[in-house]
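For reference, target-v6.cif (mmCIF, C-alpha atoms):
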```cif
data_query
#
loop_
_atom_site.label_atom_id
_atom_site.label_comp_id
_atom_site.auth_asym_id
_atom_site.auth_seq_id
_atom_site.Cartn_x
_atom_site.Cartn_y
_atom_site.Cartn_z
CA THR A 24 -3.48 15.93 -16.77
CA GLN A 25 -0.98 17.68 -14.53
CA LEU A 26 -1.36 20.86 -12.51
CA THR A 27 1.26 23.58 -12.72
CA LEU A 28 3.60 23.99 -9.77
CA ALA A 29 2.31 27.52 -9.10
CA SER A 30 -1.38 26.52 -9.06
CA GLU A 31 -0.76 23.56 -6.78
CA ILE A 32 1.20 25.68 -4.30
CA GLN A 33 -1.53 28.35 -4.44
CA GLN A 34 -4.19 25.77 -3.55
CA LYS A 35 -2.10 24.46 -0.64
CA ALA A 36 -1.44 27.96 0.71
CA GLU A 37 -5.11 28.96 0.40
CA GLY A 38 -6.22 25.95 2.43
CA LEU A 39 -3.73 26.69 5.20
CA ALA A 40 -4.58 30.40 5.18
CA LEU A 41 -8.27 29.57 5.67
CA GLU A 42 -7.45 27.32 8.63
CA TYR A 43 -5.24 30.07 10.09
CA GLN A 44 -7.98 32.66 9.64
CA GLN A 45 -10.51 30.47 11.43
CA ALA A 46 -8.09 29.59 14.24
CA GLU A 47 -6.97 33.19 14.92
CA GLY A 48 -9.99 35.23 13.77
CA LEU A 49 -7.94 37.18 11.21
CA ASN A 50 -9.29 39.98 9.06
CA ALA A 51 -9.01 39.96 5.27
CA THR A 52 -5.71 41.87 5.19
CA GLU A 53 -4.04 39.60 7.75
CA THR A 54 -5.28 36.51 5.94
CA GLN A 55 -3.89 37.77 2.62
CA GLU A 56 -0.52 38.49 4.23
CA ALA A 57 -0.39 34.94 5.60
CA LEU A 58 -1.39 33.56 2.20
CA ASP A 59 1.33 35.50 0.39
CA LEU A 60 3.92 34.39 2.94
CA MET A 61 3.01 30.72 2.51
CA VAL A 62 3.02 30.93 -1.30
CA ASP A 63 6.56 32.34 -1.15
CA TYR A 64 7.61 29.72 1.41
CA PHE A 65 6.38 26.65 -0.49
CA THR A 66 7.67 28.04 -3.79
CA ILE A 67 11.15 28.38 -2.32
CA LEU A 68 11.02 24.83 -0.92
CA SER A 69 9.73 23.34 -4.16
CA ASN A 70 12.56 24.99 -6.11
CA GLY A 71 15.15 23.71 -3.66
CA GLY A 72 15.96 27.19 -2.31
CA PHE A 73 17.05 28.35 1.14
CA VAL A 74 14.40 29.49 3.62
CA ALA A 75 15.56 32.37 5.83
CA PRO A 76 15.23 31.72 9.59
CA ALA A 77 12.86 34.70 9.99
CA MET A 78 10.48 33.28 7.38
CA GLN A 79 10.68 29.80 8.91
CA ASN A 80 9.79 31.24 12.32
CA GLU A 81 6.74 32.98 10.88
CA ILE A 82 5.62 29.78 9.17
CA ASN A 83 6.14 27.79 12.37
CA GLY A 84 3.93 30.26 14.22
CA ILE A 85 1.15 29.80 11.66
CA LEU A 86 1.42 26.02 11.80
CA ASP A 87 1.38 26.01 15.62
CA ALA A 88 -1.83 28.07 15.58
CA ILE A 89 -3.46 25.73 13.07
CA ALA A 90 -2.45 22.63 15.05
CA GLY A 91 -4.56 23.74 18.00
CA SER A 92 -7.73 23.94 15.89
CA VAL A 93 -7.84 20.34 14.65
CA SER A 94 -10.67 18.02 15.75
CA PRO A 95 -11.09 14.38 14.58
CA LEU A 96 -14.15 12.87 12.90
CA ALA A 97 -13.82 9.60 14.85
CA SER A 98 -12.20 8.99 18.23
CA THR A 99 -12.03 5.18 18.59
CA ILE A 100 -8.49 4.05 17.64
CA HIS A 101 -8.47 0.63 15.96
CA PHE A 102 -4.74 0.52 15.22
CA THR A 103 -1.69 2.75 14.82
CA VAL A 104 1.04 2.43 12.20
CA ASN A 105 4.56 3.77 12.80
CA GLY A 106 7.01 3.97 9.93
CA THR A 107 9.82 5.85 8.25
CA LEU A 108 9.74 7.25 4.74
CA SER A 109 13.26 6.87 3.35
CA GLY A 110 15.32 7.14 0.21
CA SER A 111 15.13 3.37 -0.24
CA ASP A 112 11.34 3.47 -0.73
CA PRO A 113 9.81 3.42 -4.23
CA THR A 114 8.54 6.65 -5.82
CA PHE A 115 5.48 7.66 -7.81
CA ASN A 116 3.84 10.77 -9.24
CA ARG A 117 1.22 11.33 -6.56
CA PRO A 118 -2.26 12.60 -7.41
CA VAL A 119 -3.85 15.88 -6.40
CA GLY A 120 -7.43 17.15 -6.44
CA ALA A 121 -9.19 13.86 -5.64
CA VAL A 122 -12.47 14.21 -3.73
CA TYR A 123 -14.70 11.61 -2.07
CA ASP A 124 -17.89 10.57 -3.87
CA ALA A 125 -20.11 8.22 -1.85
CA LEU A 126 -21.91 7.12 -5.03
CA ASP A 127 -18.73 6.07 -6.86
CA ILE A 128 -15.84 5.72 -4.43
CA CYS A 129 -13.47 3.62 -6.62
CA ARG A 130 -13.05 5.81 -9.67
CA THR A 131 -10.46 7.43 -11.91
CA GLN A 132 -10.14 11.07 -10.91
CA GLY A 133 -7.85 13.98 -10.03
CA ASP A 134 -4.67 15.25 -11.64
CA LEU A 135 -1.01 14.34 -11.43
CA SER A 136 0.96 16.58 -9.10
CA ALA A 137 3.46 19.04 -10.56
CA VAL A 138 5.23 19.29 -7.18
CA GLY A 139 5.23 15.65 -6.06
CA THR A 140 6.36 14.10 -9.33
CA ALA A 141 8.59 11.44 -7.72
CA VAL A 142 7.71 11.22 -4.03
CA TYR A 143 8.72 8.31 -1.82
CA TYR A 144 5.76 6.30 -0.57
CA GLN A 145 4.64 3.41 1.63
CA VAL A 146 1.40 1.43 1.40
CA ILE A 147 -0.77 0.37 4.35
CA GLU A 148 -3.39 -2.26 3.53
CA PHE A 149 -6.41 -2.55 5.82
CA THR A 150 -9.91 -4.01 5.85
CA VAL A 151 -13.18 -2.42 6.85
CA GLN A 152 -14.97 -5.37 8.44
CA GLN A 153 -18.00 -3.31 9.46
CA ALA A 154 -18.95 -0.02 7.79
CA GLY A 155 -18.65 3.17 9.80
CA ASP A 156 -17.17 6.66 9.89
CA VAL A 157 -13.42 6.38 9.24
CA ASP A 158 -10.73 8.88 10.22
CA ILE A 159 -7.14 8.24 9.05
CA GLU A 160 -4.75 10.84 10.46
CA VAL A 161 -1.00 11.37 10.38
CA ILE A 162 -0.58 12.47 14.00
CA THR A 163 3.20 12.90 13.91
CA GLY A 164 5.51 13.35 10.97
CA GLY A 165 8.97 14.69 10.29
CA PHE A 166 7.98 16.04 6.86
CA ASP A 167 5.12 17.66 4.92
CA THR A 168 2.89 14.62 4.41
CA TYR A 169 0.40 13.68 1.71
CA LEU A 170 -2.09 10.85 2.25
CA VAL A 171 -4.08 9.03 -0.44
CA LEU A 172 -6.73 6.32 -0.09
CA TYR A 173 -7.33 3.73 -2.81
CA CYS A 174 -9.65 0.79 -3.48
CA ASP A 175 -6.71 -0.75 -5.33
CA PHE A 176 -3.26 0.79 -5.75
CA ASN A 177 -1.07 0.71 -8.84
CA PRO A 178 1.77 3.28 -8.69
CA ALA A 179 1.99 3.25 -12.48
CA SER A 180 -1.65 4.45 -12.67
CA PRO A 181 -2.05 6.71 -9.61
CA LEU A 182 -5.38 8.21 -10.71
CA ASP A 183 -7.19 4.86 -10.95
CA ASN A 184 -9.31 3.41 -8.10
CA LEU A 185 -8.70 6.66 -6.21
CA ILE A 186 -11.06 7.38 -3.32
CA VAL A 187 -9.65 10.63 -1.92
CA GLY A 188 -6.38 12.43 -1.21
CA ASN A 189 -5.38 14.94 1.43
CA ASP A 190 -2.48 17.28 2.09
CA ASP A 191 -2.93 19.42 5.21
CA SER A 192 -6.20 18.60 7.00
CA GLY A 193 -4.31 17.28 10.02
CA ALA A 194 -2.22 19.36 12.40
CA GLY A 195 0.01 21.83 10.57
CA LEU A 196 1.40 20.17 7.44
CA LEU A 197 0.13 16.70 8.36
CA SER A 198 -2.63 14.86 6.49
CA ARG A 199 -5.99 13.51 7.53
CA ILE A 200 -8.73 11.70 5.59
CA ASN A 201 -12.32 11.70 6.87
CA ILE A 202 -14.90 9.43 5.24
CA PRO A 203 -18.43 8.94 6.57
CA ASN A 204 -19.73 5.36 6.52
CA LEU A 205 -16.91 3.76 4.51
CA PRO A 206 -18.24 0.45 3.08
CA VAL A 207 -16.92 -3.00 3.93
CA GLY A 208 -13.87 -3.91 1.81
CA VAL A 209 -10.09 -3.87 1.45
CA TYR A 210 -8.41 -0.46 1.13
CA TYR A 211 -4.92 0.95 0.63
CA ALA A 212 -3.67 4.04 2.45
CA VAL A 213 -0.60 5.46 0.70
CA VAL A 214 1.55 7.84 2.76
CA SER A 215 3.90 10.11 0.83
CA SER A 216 4.95 13.76 0.83
CA PHE A 217 3.96 17.07 -0.74
CA GLY A 218 7.28 17.53 -2.52
CA ASN A 219 9.99 15.30 -3.93
CA GLY A 220 12.80 13.99 -1.75
CA ALA A 221 11.10 14.33 1.64
CA VAL A 222 11.90 11.64 4.21
CA GLY A 223 11.23 11.13 7.91
CA ASN A 224 9.32 9.26 10.57
CA PHE A 225 5.52 9.14 10.69
CA GLU A 226 2.73 7.82 12.90
CA ILE A 227 -0.78 7.24 11.56
CA GLU A 228 -3.93 6.55 13.57
CA PHE A 229 -6.78 4.58 11.98
CA ARG A 230 -9.98 5.46 13.84
CA SER A 231 -13.62 4.54 13.37
CA ASP A 232 -16.75 5.17 15.38
CA GLY A 233 -19.34 2.52 14.57
CA GLY A 234 -17.10 0.66 12.15
CA VAL A 235 -14.57 -2.14 12.57
CA LEU A 236 -11.09 -1.81 11.01
CA ALA A 237 -8.30 -4.40 10.82
CA LEU A 238 -4.71 -3.98 9.66
CA ASP A 239 -3.78 -6.47 6.93
CA VAL A 240 -0.30 -7.84 7.66
CA GLN A 241 1.47 -9.54 4.77
CA PRO A 242 3.12 -12.92 5.59
CA LEU A 243 6.83 -12.65 6.28
CA PRO A 244 9.27 -14.39 3.92
CA VAL A 245 10.89 -17.58 5.20
CA PRO A 246 14.24 -16.66 6.83
CA PHE A 247 17.29 -17.83 4.92
CA ASN A 248 18.51 -20.03 7.75
CA SER A 249 15.22 -21.99 7.70
CA TRP A 250 15.64 -23.29 4.16
CA TRP A 251 17.73 -26.20 5.40
CA ALA A 252 14.74 -27.44 7.43
CA ILE A 253 12.49 -27.21 4.39
CA GLY A 254 15.06 -29.17 2.38
CA VAL A 255 15.20 -31.90 5.04
CA PHE A 256 11.42 -32.33 5.00
CA MET A 257 11.38 -32.48 1.18
CA ALA A 258 14.17 -35.08 1.18
CA LEU A 259 12.37 -37.22 3.75
CA GLY A 260 9.22 -37.03 1.67
CA MET A 261 11.07 -38.20 -1.45
CA VAL A 262 12.61 -41.10 0.50
CA PHE A 263 9.15 -42.13 1.69
CA VAL A 264 7.78 -42.03 -1.86
CA LEU A 265 10.68 -44.06 -3.26
CA ARG A 266 10.39 -46.68 -0.56
CA ARG A 267 6.68 -47.05 -1.29
CA LEU A 268 7.46 -47.53 -4.99
CA VAL A 269 10.18 -50.16 -4.30
CA TRP A 270 8.06 -52.12 -1.86
#
```

Target format structure tokens, applied to this file:
Amino acid sequence: TQLTLASEIQQKAEGLALEYQQAEGLNATETQEALDLMVDYFTILSNGGFVAPAMQNEINGILDAIAGSVSPLASTIHFTVNGTLSGSDPTFNRPVGAVYDALDICRTQGDLSAVGTAVYYQVIEFTVQQAGDVDIEVITGGFDTYLVLYCDFNPASPLDNLIVGNDDSGAGLLSRINIPNLPVGVYYAVVSSFGNGAVGNFEIEFRSDGGVLALDVQPLPVPFNSWWAIGVFMALGMVFVLRRLVW
């Protein structure tokens, strides 16, 4: 199933408004005003409209206030990943509404986003070598991030093997996933964006207190200028075989 654009934006704005209320001690009227402002703001962005400077300044003030209220689940940094989401990356229809279930973490769940229908994404594979509390946080980003964690990732079936997703639990519009006592295994963190077409730099911290995490680095392809060496070794091997057969 797929959420409507309006309902997805409403959910996003409500989450941010709650964080803003808690950070600034707002009353009900002030919180509602902030909520309405953010609904208008994200609706304009999602429809490709122009955001007036005055509105952008108000939104920036809200996001700055929220950024100061963030506290991590885990503090021990195991590794950091820096990258750039760009127009050359593949796209997928990201999920929304996925929640963590300790009894069944690798399940089919959530809905397809009506806002992020073709977002650029990158995949970070890592291994939990010893179970522990895990905190994956986008600590810097030049766009409105969305982070999803999978047991196994297939962009053609983005609701399968889905552990949890997050939009704005980090600072401002950045994402953060908190999971207590994540079991040993291989996992896939997929970094993308809230809306289509967003690009920019990002930095993600993988933290765990009590657990052990390791970044899985895929082997690099053999450089083109090394193929001649491989050919030489293969030729020498064939010569050796032929000589053995003749003798």

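Contact shell of A:Asp239 at 10 Å (all atoms listed in the file; same-chain neighbours under 5 positions omitted): A:Ile147, A:Glu148, A:Phe149, A:Thr150, A:Val209, A:Tyr210, A:Tyr211.
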
Got time to write the residues from that selection, C-alpha atoms, as a compact mmCIF listing (two decimals), keeping the file's coordinate frame?
```txt
# COMPACT_ATOMS: atom_id res chain seq x y z
CA ILE A 147 -0.77 0.37 4.35
CA GLU A 148 -3.39 -2.26 3.53
CA PHE A 149 -6.41 -2.55 5.82
CA THR A 150 -9.91 -4.01 5.85
CA VAL A 209 -10.09 -3.87 1.45
CA TYR A 210 -8.41 -0.46 1.13
CA TYR A 211 -4.92 0.95 0.63
```

Item to check | Hits from the PyMOL selection byres ((chain A and resi 24-39) around 8), listed as number ranges by chain | outcome: A: 40-43, 58, 61-62, 65-66, 89, 134-138, 190-191

Hey, can you spit out that residue selection with C-alpha atoms as a PDB file, in the coordinates of the input?
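Writing the result to out_27.pdb gives the following:
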```pdb
ATOM      1  CA  ALA A  40      -4.580  30.400   5.180  1.00  0.00           C
ATOM      2  CA  LEU A  41      -8.270  29.570   5.670  1.00  0.00           C
ATOM      3  CA  GLU A  42      -7.450  27.320   8.630  1.00  0.00           C
ATOM      4  CA  TYR A  43      -5.240  30.070  10.090  1.00  0.00           C
ATOM      5  CA  LEU A  58      -1.390  33.560   2.200  1.00  0.00           C
ATOM      6  CA  MET A  61       3.010  30.720   2.510  1.00  0.00           C
ATOM      7  CA  VAL A  62       3.020  30.930  -1.300  1.00  0.00           C
ATOM      8  CA  PHE A  65       6.380  26.650  -0.490  1.00  0.00           C
ATOM      9  CA  THR A  66       7.670  28.040  -3.790  1.00  0.00           C
ATOM     10  CA  ILE A  89      -3.460  25.730  13.070  1.00  0.00           C
ATOM     11  CA  ASP A 134      -4.670  15.250 -11.640  1.00  0.00           C
ATOM     12  CA  LEU A 135      -1.010  14.340 -11.430  1.00  0.00           C
ATOM     13  CA  SER A 136       0.960  16.580  -9.100  1.00  0.00           C
ATOM     14  CA  ALA A 137       3.460  19.040 -10.560  1.00  0.00           C
ATOM     15  CA  VAL A 138       5.230  19.290  -7.180  1.00  0.00           C
ATOM     16  CA  ASP A 190      -2.480  17.280   2.090  1.00  0.00           C
ATOM     17  CA  ASP A 191      -2.930  19.420   5.210  1.00  0.00           C
TER      18      ASP A 191
END
```

Item to check | A:Asn201 surroundings by all atoms listed in the file, 12 Å radius, close-in-sequence under 4 positions cut, as a ChimeraX atom specification | outcome: /A:94-98,122-123,155-161,170-172,186-189,192-193,205,228-232

Checklist entry - Using all atoms listed in the file, which of the listed residues (A:Ala77, A:Ala194, A:Ala237, A:Ile128) sits closest to A:Pro206? => result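 Smallest distance to A:Pro206 is found for A:Ile128.
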
Next on the checklist: Taking 5 positions as the minimum chain separation for residues in the same chain, which residues sit within 7 Å of stretch 106-118 of chain A when counting all atoms listed in the file? Answer as a ChimeraX atom specification.
Outcome noted: /A:133-136,139-144,178,181-182,222-226

Next on the checklist: So that I can check the surroundings of A:Arg130, please list as number ranges by chain every protein, DNA and RNA residue that reaches within 7 Å of it, counting only C-alpha atoms and ignoring chain neighbours fewer than 6 positions away.
Outcome noted: A: 183-186

Could the residues in this selection be written to a file with C-alpha atoms, as a short mmCIF file (atom, residue, chain, number, x, y, z; two decimals), keeping the file's coordinate frame?
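For reference, selection12.cif as written:
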```
data_model
loop_
_atom_site.label_atom_id
_atom_site.label_comp_id
_atom_site.auth_asym_id
_atom_site.auth_seq_id
_atom_site.Cartn_x
_atom_site.Cartn_y
_atom_site.Cartn_z
CA ASP A 183 -7.19 4.86 -10.95
CA ASN A 184 -9.31 3.41 -8.10
CA LEU A 185 -8.70 6.66 -6.21
CA ILE A 186 -11.06 7.38 -3.32
#
```

Checklist entry - How far is it from atom CA of A:Gln44 to atom CA of A:Leu196, in Å with one decimal? => result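 Straight-line distance from atom CA of A:Gln44 to atom CA of A:Leu196 works out to 15.8 Å.
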
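One distance worth recording is that between atom CA of A:Gly84 and atom CA of A:Ala51, which is 18.5 Å.
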